[in-house]
Amino acid sequence: MKEQIRKIILEVVGNLWKESGLKKADIEINEAPEKFGDYSTNVAMKLAGIVKKSPMEIAKMIKIRLDKSSARQEDILRLDKPSARRVKDSLAQSQIEKTEVVKPGFINFYFSQEVYKKTLLDIKKAGDKYGFSKLGQGKKVMVEFGQPNTHKAITVGHLKSAVSGLSVVKLFEALGYEVIKANYFGDVGMQVAKSTWGFMQKEKPADFEEWDNDRKMKFVNERYVMGSLAFGDDERIEKEIRQINKDIYNKTDNKNYQQYQKIRDWSIEHQNAVFEKLGISYDRQYPESEVYQEAIKIVKRHQDKIFEKSRGAIIYNGEKDGLNTWVFLTKEGNPTYSAKDLALAVKKFSEYDLDLAIVTTSVEQTDYFKAIIKVLEKIDKSFKGKYKHVPFGWLLMNNKKTSSRMGETIKCVDIISEAMQLAEQKIDIDKEYSLEQKQEIIEKVAMAGLKFLILSHEFHKDINYDPEEFIKLNGFSGPFILYSYVRINSIVKKVGEVDLGNLKDSSFEKSEEKQLASALAMYQDVVLRAGQEIAPHIVCNYLYDLAQKFNSFYEHCSIQKADNEVQKKSRLMLAMATGQVLKNGLELLGIETLEVM
RNA sequence: CCCCUCGUAGUUUAAUGGAUAGAACAUCGGCCUUCUAAGCCGAAUACGAAGGUUCGAUUCCUUCCGAGGGGACCA
């Protein structure tokens with residue numbers, strides 16, 4: 001839609017635009033505020049500084065050209081003179097009903113009824129694929145997200161990563177990319193050793209083997225905290241833990257390694273269950289242990305060209321590239337996380353023929369990944385621009401970051417059950433749902449609340465959450481959108497599905513109808529922007545606005561009590577199309593719809 | 001000391017250099033005999049400070065103030 005309007009503008013100002021050194025992409029088409037039509041452009045204001053005329057004057061001249069290009073007005077701008085027919089055709093093609101010039105120099109575009117009808121028909125035809133584009137067709141992208149550690153609890157941080165990552169995946173799919181979902185999880189290292197040590201210090205409860213994995217992992221995490229605290233206090237214990245660490249690396253066939261393996265198995269089962277609950281199934285799982293050997297090799301291979309020796313370690317000296325210096329191999333010859341991340345990156349490209357690899361992590365790793373990417377490009381120029389780090393902010397509790405070492409972290413499973421409790425309280429007791437229905441409502445509403453909260457903030461910003469008023473179930477929230485969807489579903493059930501054919505008799509005259517239909521027409525542009533900017537919060541804002549417009553429509557334009565049969569059917573089509581778009585948009589956020597609530 | 005984020009109503013936040021800075025929660029006031037009131041309609045309240053660039057700055061640049069993060073063998 002935007003692209004078509006851009007073309008029309010170009011018909012008129014093309015030459016002048018080029019002379020001014022501006023590019024086609026500089027022609028901005030934006031969604032206009034409600035009372036200023038549907039789309040608007042500021043080209044006149046952009047030209048003002050260059051041609052030294054007032055923006056209003058320029059805008060008026062452009063408008064004359066748009067309205068009837070043969071106008072006999074003195075043209076001090078030397079605008080292009082496309083034939084009247086070409087402009088008329090362009091306008092007709094993009095179904096712009098009228099244009100308007102408004103201070104300080106905006107040119108506004110109003111959709112015609114044709115846009116509304118075409119949009120409804122497009123939505124009906126494309127269904128779940130409405131909003132998809134072909135931008136990434138034939139291209140492959142891998143998104144790495146989640147990244148928990150075994151032998152430790154999954155925390156809110158991982159929850160944020162998982163939810164954000166899933167949304168990135170969905171956005172790229174909507175852009176037409178083939179997406180590979182990857183997880184990189186820590187299953188080696190001191191923290192794993194600490195946890196294993198802690199576990200072996202205390203008799204486990206008699207019925208331990210009968211516990212489910214959630215409960216087992218809670219116990220394991222307690223033992224991890226204990227081991228972690230003991231590590232700093234006692235040299236003898238430190239020695240024991242380091243020994244366990246060695247046994248794990250060497251896969252020594254002893255009690256330590258066997259215990260480690262057992263906990264690792266529970267952890268992975270637990271992880272998969274938690275991720276499944278969040279709607280995530282990975283295509284490729286990379287345990288840290290898998291890249292360990294490769295990490296050493298890759299550093300040694302490039303030892304003198306990219307890396308250098310310093311204080312006994314092998315480092316990448318980032319200072320000369322304006323970055324920090326990072327250790328890749330310790331003086332004992334062990335690979336650090338940087339070496340492992342590097343090996344992982346190379347492995348990803350060699351396993352899949354990727355056009356792009358995205359890694360999402362928390363913001364603290366921003367500088368670190370700059371270095372990793374730099375080194376990667378030094379290894380092979382073809383990696384340039386293909387490895388992308390997307391940082392996201394913390395989920396803070398009362399403005400403070402929590403420490404996993406001290407056992408302060410909020411567990412992912414706890415936060416989910418907290419959300420479910422809230423959702424349960426909200427269920428209308430007058431409505432008699434079956435037990436299964438009730439359970440479905442609780443789960444989906446809770447997930448919608450959680451996911452929307454996480455995704456509605458800009459990625460790189462921290463989310464400060466107050467446990468008291470944390471998950472919102474009304475207002476700017478996921479459940480609000482679900483609720484709107486449920487209302488639509490309920491109407492359709494009552495009135496019955498309808499097909500108006502080509503909709504040729506229908507007309508949307510009330511402002512609530514027009515605004516709703518306009519918003520539907522803009523959905524594709526929104527998805528495109530959200531995908532290109534990797535910004536799901538754009539989708540959140542759009543969906544909330546759309547749901548609000550629907551609720552307003554619902555309040556002011558009755559379907560059952562429409563004036564006549566055509567209006568009734570037109571409105572029902574509008575409602576059904578809205579339902580489809582809400583569903584598609586929620587899908588981009590990884591939120592499932594439901595039929596009643 | 002160096003580098004990176006971020007400062008918007010009481011709170012949580014939005015706005016590719018543009019129109020009256022948009023919402024939500026909380027507060028106050030209306031609307032359920034009428035398609036699900038988790039809703040609708042309305043009121044009130046905000047760009048950390050000072051300069052600069054621009055027709056136009058919350059947005060870009062500089063300085064200051066404030067918060068957080070990163071900077072050698074932990075991830």
# chains A, B, ... in the order shown; residues from 1 in each chain; ligands from 1
>>> residues_around(residues="B:A37", least_positions_apart="2", cutoff="12 Å", atoms="only C-alpha atoms (C1' of nucleotides)", output="short mmCIF file (atom, residue, chain, number, x, y, z; two decimals) with N, CA and C atoms (P, O5', C5', C4', C3', O3' and C1' of nucleotides), in the first residue's frame")
data_model
loop_
_atom_site.label_atom_id
_atom_site.label_comp_id
_atom_site.auth_asym_id
_atom_site.auth_seq_id
_atom_site.Cartn_x
_atom_site.Cartn_y
_atom_site.Cartn_z
N ASP A 428 -14.96 -15.22 34.91
CA ASP A 428 -16.31 -14.85 35.34
C ASP A 428 -17.01 -16.08 35.92
N ASN A 474 -6.17 -6.57 31.54
CA ASN A 474 -7.06 -5.65 30.83
C ASN A 474 -6.25 -4.45 30.37
N TYR A 483 -9.77 -11.05 24.18
CA TYR A 483 -11.18 -10.78 24.47
C TYR A 483 -11.91 -10.26 23.24
N ASN A 551 -13.57 -2.80 19.22
CA ASN A 551 -14.50 -2.66 20.35
C ASN A 551 -15.38 -1.42 20.22
N GLU A 555 -19.42 -1.45 19.74
CA GLU A 555 -20.30 -0.66 20.59
C GLU A 555 -21.26 0.21 19.75
P C B 31 -25.08 6.15 34.34
"O5'" C B 31 -24.91 5.18 33.08
"C5'" C B 31 -25.38 5.63 31.81
"C4'" C B 31 -24.91 4.73 30.71
"C3'" C B 31 -25.15 3.24 30.92
"O3'" C B 31 -26.51 2.91 30.68
"C1'" C B 31 -23.00 3.56 30.03
P C B 32 -27.26 1.97 31.66
"O5'" C B 32 -26.64 0.52 31.37
"C5'" C B 32 -27.22 -0.60 32.00
"C4'" C B 32 -26.96 -1.83 31.18
"C3'" C B 32 -27.63 -3.07 31.71
"O3'" C B 32 -28.92 -3.19 31.13
"C1'" C B 32 -25.37 -3.53 31.11
P G B 39 -11.15 -4.31 29.53
"O5'" G B 39 -12.40 -4.10 28.56
"C5'" G B 39 -12.33 -4.49 27.19
"C4'" G B 39 -13.60 -4.12 26.49
"C3'" G B 39 -13.84 -2.63 26.35
"O3'" G B 39 -13.17 -2.11 25.23
"C1'" G B 39 -15.79 -3.64 27.19
P C B 40 -12.68 -0.61 25.20
"O5'" C B 40 -14.05 0.16 24.98
"C5'" C B 40 -14.75 0.08 23.76
"C4'" C B 40 -16.01 0.87 23.86
"C3'" C B 40 -15.81 2.36 24.13
"O3'" C B 40 -15.58 3.06 22.92
"C1'" C B 40 -17.45 1.51 25.60
#
>>> interface_residues(of="chain B", to="chain A", cutoff="10 Å", atoms="only C-alpha atoms (C1' of nucleotides)", output="ChimeraX atom specification")
/B:2-6,12-14,16-19,22-25,34-36,38-41,54-56,68-75
>>> select_by_dssp(residues="stretch 171-283 of chain A", states="strand (DSSP E or B)", output="ChimeraX atom specification")
/A:178-186
>>> select_by_dssp(residues="stretch 432-519 of chain A", states="helix (DSSP H, G or I)", output="VMD selection string")
chain A and resid 435 to 455 478 to 495 511 to 519
>>> atom_distance(atom1="atom CA of A:Leu586", atom2="atom CA of A:Tyr485")
10.2 Å
>>> atom_distance(atom1="atom CA of A:Gln261", atom2="atom CA of A:Ile244")
12.0 Å
>>> residues_around(residues="A:Asn584", least_positions_apart="6", cutoff="8 Å", atoms="only C-alpha atoms (C1' of nucleotides)", output="number ranges by chain")
A: 128-131
>>> closest_residue(among="A:Val143, A:Leu594, A:Leu543, A:Ala44", to="A:Phe172", atoms="only C-alpha atoms")
A:Val143
>>> atom_distance(atom1="atom CA of A:Gly579", atom2="atom CA of A:Ala547")
9.2 Å
